[in-house]
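For reference, the structure is listed below as structure tokens.
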Amino acid sequence: MEEVELKMTQSKRVALCVTCLVDQVVPEIGVATVQLLRRAGYEVEFPEAQTCCGQPFFNSGFREQATDLAKRTVEIFEPFEAVVLPSGSCAAMIRVEYPHLLEEWPEWQHRAEELAAKTYELSEFLVNYADWIPRGDFEEIRLTYHDSCHMCRLLGLRDEPRQLLERVGGRISEMSESDRCCGFGGLFSVRMPEVSNAMTAEKLHQACDAGVEALVTSDPGCLTQMRGLTEGSSIKVEHIATVLEEVTR
Amino acid sequence: MTATLSEFRQRAKTAIEDVRLQGALDGGTGKLWEMRRLTFEELPNSDALRDHFKAIRSATLRNLVEHLETFEKNATAAGANVHWARDGTDAREIVISIAQEHGVKLVTKSKSMATEEIHLNEALAEVGVEAIETDLGEYIVQLAEETPSHIIAPAIHKTRHEAAELLGRESGRSLSPDDLTTLTGEARKLLRKRFLTAGMGISGGNMIVAETGSVVLVTNEGNARMVTSVPPVHIAVVGIEKIIPTWDAAAIWLSLLARSASGQPLSIYTSVITGPSRAGDPDGTGEVHIVLLDNGRSELVGTKYEEVLQCIRCGACLNVCPVYREAGGHSYDSPYPGPIGAVVTPLLLGRENYEALPHASSLCGACKEVCPVRIDLPRMLLELRADQVAERTIPWKERKAEEAGAFVFKHEKLMRFMTNAARLAQRPFSRDGKLHLPQRLNPALERQLPALAKRSFREMWKSGELEEK
């Protein structure tokens with residue numbers, strides 16, 4: 001895990017970096033994120049110039065394109081005191097990869113490091129910084145949690161989403177390998193669809209074996225990947241933001 | 001040997017559809033991984049030990065030449081002959097000339113990835129020398145006329161039923177797959193004859209220790225002892241990166257190697273060969289040759305790929321890799337499969353031959369987590385991909401698509417325009433948030449790609465409907 005000194009945010013305003021996938025494909029996750037941040041006592045801003053953090057290009061080796069998008073993202077979000085993303089993977093891109101990607105330009109690297117220090121994945125922000133403790137009587141939800149790769153291995157976030165889910169009545173039945181990759185891997189999923197789909201099928205098997213109704217994750221990429229193979233299956237794949245938003249409404 | 005994208009996909013597809021193979025892979029990798037986990041739990045300060053070992057490996061590589069020269073000096077003083085092989089051709093010529101000098105017709109081999117890398121067995125066969133693999137897994141693979149599919153468990157893709165059939169065919173008896181004692185006993189009998197008649201033994205080297213000029217071999221079957229002590233001549237073919245300066249450091253290597261590879265605190269046999277047998281030794285071989293194989297390794301020193309030379313070939317990254325566990329080792333068409341293979345194969349055996357391998361990963365990072373030397377394999381896969389883009393060795397269609405995609409994302413207005421156009425275009429196929437494309441048009445095959453939402457988040461935000469009430 002890359003060590004980034006995270007600054008405690010004093011202000012009660014946060015910028016939402018919604019991610020391109022949530023914006024265009026699963027906007028309900030963005031809506032839920034806004035509501036949760038407000039319930040935690042924050043005012044949410046959405047800088048409209050934002051598009052994509054550049055991760056797909058970075059992962060495919062298109063460094064020049066990724067660099068341009070990284071610089072653009074730094075410019076858009078640096079005026080804010082804290083930035084929250086409903087995606088572990090995009091949060092890891094900003095926190096872990098930007099400072100490396102921009103190391104050729106010391107001034108940009110410095111700005112990237114500043115941004116990295118105030119960028120948070122949603123569940124991490126709610127638990128560690130907003131200290132948001134939902135209260136009330138919650139119905140028990142039987143679920144299993146999928147640890148998305150970059151969130152658990154690059155950001156080291158495994159407990160935070162589980163804590164939140166448990167606070168709202170979640171009874172987590174763990175899969176045999178909760179951190180086994182779901183098969184997405186960005187363009188990997190269409191470059192090697194046979195392998196990718198086999199990986200997803202394995203993940204869904206493990207979720208079914210856990211005997212739960214819902215498979216919850218913190219990454220929209222994993223979510224859309226897994227939903228793509230659930231036709232005819234009883235298991236529902238959900239994002240942590242929409243689950244939390246619904247039960248704390 | 002090659003792995004283009006379509007070749008890799010085709011081989012992986014075959015592997016995924018092979019229920020028997022999937023069962024063997026799941027069982028084999030799952031067991032090795034679980035045993036690795038348990039032995040690491042028992043090892044106090046294992047994280048600190050791994051950090052320390054990484055520092056040793058890294059420092060050793062910085063003075064690689066010096067350590068190799070010390071090794072040569074000490075091995076020579078112990079009576080061994082040290083040969084330097086620039087590449088596979090050099091190494092094969094050295095081995096063949098020693099074999100011919102001694103009139104060798106039969107060679108016994110203990111498991112060696114370096115000799116797989118240079119296709120030594122084929123080269124020996126061409127000059128009329130038969131090479132018999134004596135590691136049980138390698139022997140089964142050889143009987144099946146296949147190649148190993150795992151660095152430490154070469155026959156991981158085989159079931160015991162297949163092993164029984166292959167050994168039965170060789171011995172002319174019908175063998176029960178359920179009677180493992182008889183099976184291994186039969187292999188032992190078949191191999192024993194070879195051990196006693198071979199004119200030469202060939203091994204690899206798990207490591208070479210500079211301070212004494214020794215070759216260290218690690219096995220669970222004792223076959224390396226037979227290979228290196230029964231025939232009159234022993235040749236060890238070792239990659240130059242397997243050097244370790246001292247025995248203190250070698251001890252750490254050994255403790256991490258067996259734990260990472262097979263979940264054992266130490267392997268059953270650890271053999272140390274320091275020159276030929278001396279007067280008064282009860283056994284041992286009369287002549288020892290050590291072939292130090294470069295084959296592209298020294299070119300990596302000082303580059304962004306140097307870290308890959310720290311690998312000790314334990315195979316732990318294969319067992320945790322979700323791609324390897326579905327696609328199997330043969331999809332890579334390299335002696336080195338899995339995450340380490342995806343990095344080291346293009347680097348040592350030619351990037352042009354293995355263009356698919358840097359992409360045979362979802363970048364999940366499980367390999368880095370389990371590596372005893374913490375090699376950052378995901379980062380090196382990313383570097384290899386970036387090199388492909390910089391060297392323009394990716395298909396032009398993909399280049400154009402990526403460039404166009406990035407251009408769109410650099411202009412928010414254009415992105416809105418393009419996504420709205422796509423919303424119209426997807427209408428006939430979009431249902432329940434998914435694209436129901438005809439199979440032949442769907443790049444994700446049987447998986448449904450997500451459809452664009454009816455309205456984007458930004459559109460909702462702009463309309464004011466998300467404003468705080």
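Residue names in the structure tokens use chain letters A, B, ... in the order shown, residue numbers from 1 in each chain, and ligand numbers from 1 in the order shown.
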- Task: Excluding A:Ala130 and residues on its chain fewer than 3 positions from it, collect all residues at most 12 Å away from it, counting only C-alpha atoms, and give them as a ChimeraX atom specification.
- Result: /A:8-14,36-42,82,84,120,122-127,133-134
- Query: Which residues come within 12 Å of A:His205, counting only C-alpha atoms, excluding same-chain residues fewer than 5 positions away, as a ChimeraX atom specification?
  - Reply: /A:175-178,180,182,198-200,210-212,215,226,229-230,233-235
Enumerate as a short mmCIF file (atom, residue, chain, number, x, y, z; two decimals) with C-alpha atoms, in the first residue's frame all residues of stretch 307-438 of chain B assigned to alpha helix (DSSP H) by DSSP on the backbone, naming them with the chain letters and numbers the document uses.
data_model
loop_
_atom_site.label_atom_id
_atom_site.label_comp_id
_atom_site.auth_asym_id
_atom_site.auth_seq_id
_atom_site.Cartn_x
_atom_site.Cartn_y
_atom_site.Cartn_z
CA ALA B 316 3.31 -18.70 -5.40
CA CYS B 317 2.02 -16.00 -7.76
CA LEU B 318 0.58 -18.66 -10.07
CA ASN B 319 -1.46 -20.24 -7.29
CA VAL B 320 -3.20 -16.98 -6.38
CA TYR B 324 -3.82 -18.52 -14.29
CA ARG B 325 -6.40 -20.45 -12.30
CA GLU B 326 -8.86 -20.25 -15.19
CA ALA B 327 -6.57 -20.23 -18.23
CA GLY B 338 1.23 -17.02 -14.55
CA PRO B 339 1.96 -13.47 -13.44
CA ILE B 340 5.75 -13.88 -13.27
CA GLY B 341 5.63 -15.57 -16.67
CA ALA B 342 3.56 -12.74 -18.14
CA VAL B 343 6.39 -10.36 -17.23
CA VAL B 344 9.51 -12.46 -17.63
CA THR B 345 8.56 -14.29 -20.83
CA PRO B 346 8.31 -11.23 -23.09
CA LEU B 347 11.47 -9.82 -21.49
CA LEU B 348 13.60 -12.96 -21.90
CA LEU B 349 12.05 -14.73 -24.86
CA ALA B 366 -2.80 -10.82 -5.67
CA CYS B 367 0.62 -11.82 -7.08
CA LYS B 368 2.45 -8.92 -5.50
CA GLU B 369 0.78 -9.60 -2.18
CA VAL B 370 2.00 -13.20 -2.02
CA LEU B 377 4.34 -7.49 -11.05
CA PRO B 378 1.26 -5.33 -11.77
CA ARG B 379 3.50 -2.30 -12.22
CA MET B 380 5.74 -4.18 -14.63
CA LEU B 381 2.76 -5.39 -16.64
CA LEU B 382 1.71 -1.74 -16.92
CA GLU B 383 5.22 -0.81 -18.05
CA LEU B 384 5.19 -3.54 -20.71
CA ARG B 385 1.83 -2.25 -21.95
CA ALA B 386 3.15 1.32 -22.05
CA ASP B 387 6.17 0.08 -24.03
CA GLN B 388 3.86 -1.57 -26.55
CA VAL B 389 2.06 1.73 -27.04
CA ALA B 390 5.31 3.71 -27.28
CA TRP B 396 -3.83 0.57 -35.06
CA LYS B 397 -7.58 0.20 -34.53
CA GLU B 398 -7.06 0.00 -30.79
CA ARG B 399 -4.69 2.95 -30.86
CA LYS B 400 -7.24 5.07 -32.72
CA ALA B 401 -10.05 4.04 -30.37
CA GLU B 402 -8.01 4.87 -27.26
CA GLU B 403 -6.87 8.21 -28.68
CA ALA B 404 -10.41 9.13 -29.66
CA GLY B 405 -11.75 8.06 -26.27
CA ALA B 406 -9.25 10.20 -24.41
CA PHE B 407 -9.99 13.17 -26.69
CA VAL B 408 -13.68 12.91 -25.85
CA PHE B 409 -12.98 12.76 -22.10
CA GLU B 412 -16.81 17.68 -21.22
CA LYS B 413 -19.24 19.13 -23.77
CA LEU B 414 -18.08 16.67 -26.39
CA MET B 415 -18.46 13.85 -23.88
CA ARG B 416 -22.05 14.87 -23.24
CA PHE B 417 -22.73 15.01 -26.98
CA MET B 418 -21.14 11.62 -27.65
CA THR B 419 -22.82 9.84 -24.74
CA ASN B 420 -26.19 11.25 -25.76
CA ALA B 421 -25.65 10.05 -29.31
CA ALA B 422 -24.77 6.63 -27.91
CA ARG B 423 -28.00 6.69 -25.87
CA LEU B 424 -29.95 6.96 -29.09
CA ALA B 425 -27.91 4.29 -30.81
CA GLN B 426 -28.28 1.75 -28.00
#
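Distances from B:Arg447, B:Ile273, B:Leu64, B:Leu183 to B:Leu309 were compared using only C-alpha atoms, and the smallest one belongs to B:Leu64.
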- Message: Quick check: residues of chain A within 8 Å of chain B, only C-alpha atoms, returned as JSON, numbers by chain.
- Response: {"A": [22, 23, 24, 25, 26, 27, 28, 30, 31, 46, 48, 49, 50, 51, 52, 54, 57, 58, 59, 60, 61, 62, 63, 65, 66, 68, 69, 72, 149, 150, 153, 180, 181, 183, 184, 185, 186, 188, 189, 190, 191, 192, 193, 194, 195, 196, 197, 198, 199, 224, 225, 227, 228, 229]}
Selection file, N, CA and C atoms, as a compact mmCIF listing (two decimals), in the first residue's frame:
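Generated file (selection.txt):
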# COMPACT_ATOMS: atom_id res chain seq x y z
N VAL A 22 -20.20 5.77 -13.12
CA VAL A 22 -21.40 6.10 -12.34
C VAL A 22 -22.20 7.17 -13.06
N ASP A 23 -21.51 8.19 -13.55
CA ASP A 23 -22.17 9.30 -14.24
C ASP A 23 -23.03 8.79 -15.40
N GLN A 24 -22.44 7.94 -16.24
CA GLN A 24 -23.11 7.57 -17.47
C GLN A 24 -23.91 6.26 -17.39
N VAL A 25 -23.52 5.37 -16.52
CA VAL A 25 -24.11 4.02 -16.55
C VAL A 25 -24.96 3.72 -15.32
N VAL A 26 -24.47 4.05 -14.14
CA VAL A 26 -25.21 3.74 -12.91
C VAL A 26 -25.38 5.00 -12.05
N PRO A 27 -26.07 6.02 -12.57
CA PRO A 27 -26.16 7.30 -11.87
C PRO A 27 -26.82 7.19 -10.50
N GLU A 28 -27.63 6.13 -10.29
CA GLU A 28 -28.27 5.98 -8.98
C GLU A 28 -27.23 5.86 -7.86
N GLY A 30 -24.45 7.58 -7.80
CA GLY A 30 -24.08 8.98 -7.55
C GLY A 30 -25.12 9.67 -6.69
N VAL A 31 -26.38 9.43 -7.01
CA VAL A 31 -27.48 10.04 -6.26
C VAL A 31 -27.42 9.57 -4.80
N PHE A 46 -20.55 19.44 -6.95
CA PHE A 46 -20.25 18.59 -8.10
C PHE A 46 -19.63 19.45 -9.20
N GLU A 48 -18.74 20.43 -12.52
CA GLU A 48 -19.32 19.83 -13.73
C GLU A 48 -18.34 19.55 -14.85
N ALA A 49 -17.13 20.09 -14.75
CA ALA A 49 -16.15 19.85 -15.82
C ALA A 49 -15.57 18.43 -15.74
N GLN A 50 -15.78 17.73 -14.64
CA GLN A 50 -15.17 16.41 -14.46
C GLN A 50 -15.67 15.40 -15.50
N THR A 51 -14.74 14.52 -15.91
CA THR A 51 -15.13 13.46 -16.85
C THR A 51 -14.61 12.11 -16.35
N CYS A 52 -13.35 11.80 -16.71
CA CYS A 52 -12.78 10.48 -16.38
C CYS A 52 -11.41 10.71 -15.76
N GLY A 54 -8.85 8.85 -16.02
CA GLY A 54 -7.78 8.40 -16.92
C GLY A 54 -7.33 6.98 -16.70
N PHE A 57 -7.05 4.45 -19.67
CA PHE A 57 -5.95 4.72 -20.59
C PHE A 57 -4.62 4.33 -19.95
N PHE A 58 -4.50 4.63 -18.67
CA PHE A 58 -3.29 4.26 -17.92
C PHE A 58 -3.12 2.74 -17.94
N ASN A 59 -4.19 2.03 -17.68
CA ASN A 59 -4.09 0.56 -17.62
C ASN A 59 -3.81 -0.08 -18.97
N SER A 60 -4.14 0.64 -20.05
CA SER A 60 -3.86 0.09 -21.37
C SER A 60 -2.49 0.52 -21.88
N GLY A 61 -1.78 1.32 -21.11
CA GLY A 61 -0.45 1.75 -21.54
C GLY A 61 -0.44 3.09 -22.26
N PHE A 62 -1.58 3.75 -22.37
CA PHE A 62 -1.64 5.05 -23.04
C PHE A 62 -1.32 6.16 -22.04
N ARG A 63 -0.04 6.28 -21.74
CA ARG A 63 0.43 7.17 -20.69
C ARG A 63 0.15 8.64 -21.01
N GLN A 65 -2.21 10.00 -22.83
CA GLN A 65 -3.64 10.30 -22.65
C GLN A 65 -4.00 10.29 -21.16
N ALA A 66 -3.46 9.33 -20.43
CA ALA A 66 -3.74 9.25 -19.00
C ALA A 66 -3.20 10.48 -18.28
N ASP A 68 -2.74 13.52 -19.52
CA ASP A 68 -3.60 14.68 -19.81
C ASP A 68 -4.84 14.66 -18.91
N LEU A 69 -5.46 13.48 -18.78
CA LEU A 69 -6.68 13.40 -17.98
C LEU A 69 -6.37 13.55 -16.49
N ARG A 72 -5.88 17.23 -15.84
CA ARG A 72 -7.20 17.86 -15.91
C ARG A 72 -7.97 17.62 -14.60
N CYS A 149 -10.30 -5.19 -5.99
CA CYS A 149 -8.84 -5.38 -5.91
C CYS A 149 -8.08 -4.13 -5.50
N HIS A 150 -8.32 -3.02 -6.19
CA HIS A 150 -7.53 -1.83 -5.90
C HIS A 150 -7.89 -1.24 -4.55
N ARG A 153 -6.20 -3.84 -1.97
CA ARG A 153 -4.74 -4.03 -2.05
C ARG A 153 -3.96 -2.74 -2.20
N ARG A 180 -10.99 -12.31 -4.24
CA ARG A 180 -10.62 -12.84 -5.55
C ARG A 180 -11.25 -11.95 -6.62
N CYS A 181 -10.45 -11.59 -7.61
CA CYS A 181 -10.89 -10.62 -8.64
C CYS A 181 -12.17 -11.08 -9.32
N GLY A 183 -13.03 -10.36 -12.27
CA GLY A 183 -12.85 -10.56 -13.71
C GLY A 183 -12.94 -9.31 -14.55
N PHE A 184 -13.19 -8.16 -13.92
CA PHE A 184 -13.37 -6.95 -14.70
C PHE A 184 -12.04 -6.45 -15.28
N GLY A 185 -11.23 -5.82 -14.46
CA GLY A 185 -9.93 -5.37 -14.96
C GLY A 185 -10.00 -4.41 -16.13
N GLY A 186 -11.07 -3.59 -16.21
CA GLY A 186 -11.18 -2.60 -17.29
C GLY A 186 -11.26 -3.27 -18.64
N PHE A 188 -9.48 -5.38 -19.94
CA PHE A 188 -9.20 -6.82 -19.86
C PHE A 188 -10.49 -7.61 -20.12
N SER A 189 -11.62 -7.05 -19.64
CA SER A 189 -12.89 -7.77 -19.72
C SER A 189 -13.39 -7.95 -21.15
N VAL A 190 -12.90 -7.11 -22.06
CA VAL A 190 -13.28 -7.34 -23.47
C VAL A 190 -12.10 -7.81 -24.31
N ARG A 191 -10.89 -7.63 -23.77
CA ARG A 191 -9.72 -8.12 -24.50
C ARG A 191 -9.62 -9.64 -24.35
N MET A 192 -9.93 -10.11 -23.16
CA MET A 192 -9.88 -11.56 -22.92
C MET A 192 -11.21 -12.00 -22.30
N PRO A 193 -12.31 -11.88 -23.06
CA PRO A 193 -13.63 -12.11 -22.47
C PRO A 193 -13.83 -13.53 -21.95
N GLU A 194 -13.18 -14.52 -22.58
CA GLU A 194 -13.38 -15.90 -22.11
C GLU A 194 -12.87 -16.05 -20.68
N VAL A 195 -11.64 -15.54 -20.44
CA VAL A 195 -11.04 -15.65 -19.10
C VAL A 195 -11.82 -14.77 -18.13
N SER A 196 -12.11 -13.55 -18.57
CA SER A 196 -12.84 -12.61 -17.72
C SER A 196 -14.17 -13.19 -17.26
N ASN A 197 -14.91 -13.75 -18.19
CA ASN A 197 -16.22 -14.32 -17.83
C ASN A 197 -16.09 -15.52 -16.90
N ALA A 198 -15.05 -16.32 -17.12
CA ALA A 198 -14.84 -17.48 -16.24
C ALA A 198 -14.54 -16.99 -14.82
N MET A 199 -13.80 -15.90 -14.71
CA MET A 199 -13.48 -15.35 -13.39
C MET A 199 -14.74 -14.83 -12.71
N THR A 224 -20.95 -3.66 -12.51
CA THR A 224 -21.50 -3.87 -13.85
C THR A 224 -20.98 -5.18 -14.44
N GLN A 225 -19.73 -5.51 -14.13
CA GLN A 225 -19.17 -6.77 -14.61
C GLN A 225 -19.99 -7.95 -14.07
N ARG A 227 -23.00 -7.97 -12.68
CA ARG A 227 -24.40 -7.95 -13.11
C ARG A 227 -24.56 -8.53 -14.51
N GLY A 228 -23.51 -8.40 -15.32
CA GLY A 228 -23.57 -8.89 -16.70
C GLY A 228 -23.73 -10.39 -16.82
N LEU A 229 -23.46 -11.10 -15.74
CA LEU A 229 -23.60 -12.57 -15.82
C LEU A 229 -24.65 -13.10 -14.84
- Query: Residues of stretch 104-244 of chain B in strand (DSSP E or B) according to DSSP, as a PyMOL selection string?
  - Reply: chain B and resi 106-109+130-133+200-203+207-209+214-219+233-239+243-244
- Message: One number please: atom CA of A:Arg249 to atom CA of A:Glu140, in Å, one decimal.
- Response: 15.5 Å
- B:Glu352 surroundings by only C-alpha atoms, 9 Å radius, close-in-sequence under 6 positions cut, as an MDAnalysis selection string: chainID B and resid 2 4 346 393
Generate a file of the selected residues that holds N, CA and C atoms, formatted as a compact mmCIF listing (two decimals), in the first residue's frame.
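Listing of again.txt after writing:
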# COMPACT_ATOMS: atom_id res chain seq x y z
N THR B 2 4.77 -19.01 -29.09
CA THR B 2 4.24 -17.64 -29.18
C THR B 2 2.92 -17.53 -28.43
N THR B 4 0.06 -14.77 -29.24
CA THR B 4 -0.66 -13.59 -29.70
C THR B 4 -1.97 -13.56 -28.93
N PRO B 346 8.00 -12.20 -22.03
CA PRO B 346 8.31 -11.23 -23.09
C PRO B 346 9.73 -10.65 -22.93
N THR B 393 3.41 -1.19 -31.20
CA THR B 393 3.23 -2.60 -31.57
C THR B 393 1.82 -3.09 -31.22
- What is the atom CA of A:Glu174 to atom CA of A:Pro161 distance in Å?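 Rounded to one decimal, the two atoms are 13.2 Å apart.
Comparing A:Asp209, A:Glu81, A:Glu139, A:Glu75 by their smallest distance to A:Glu166, the closest is A:Glu139 (using only C-alpha atoms).
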- Would you mind reading off the distance between atom CA of B:Val141 and atom CA of B:Pro154, one decimal, in Å?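 Computing the Euclidean distance for atom CA of B:Val141 and atom CA of B:Pro154 yields 7.1 Å.
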- Message: Taking only C-alpha atoms into account, name the residue in A:Lys71, A:Leu16, A:Asp219, A:Leu21 that is nearest to A:Gln109.
- Response: A:Lys71
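Distance check against A:Cys20 using only C-alpha atoms: of A:Leu157, A:Pro86, A:Thr33, A:Thr248, the minimum falls on A:Pro86.
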- Task: Using only C-alpha atoms, determine which residues lie at most 7 Å from stretch 227-243 of chain B, disregarding the query and same-chain residues fewer than 6 positions distant; provide the list as JSON, numbers by chain.
- Result: {"B": [68, 108, 109, 110, 114, 115, 195, 196, 198, 199, 200, 201, 202, 203, 204, 205, 206, 207, 208, 209, 210, 283, 284, 285, 286, 287, 288, 289, 290, 291, 292, 293, 294, 309]}
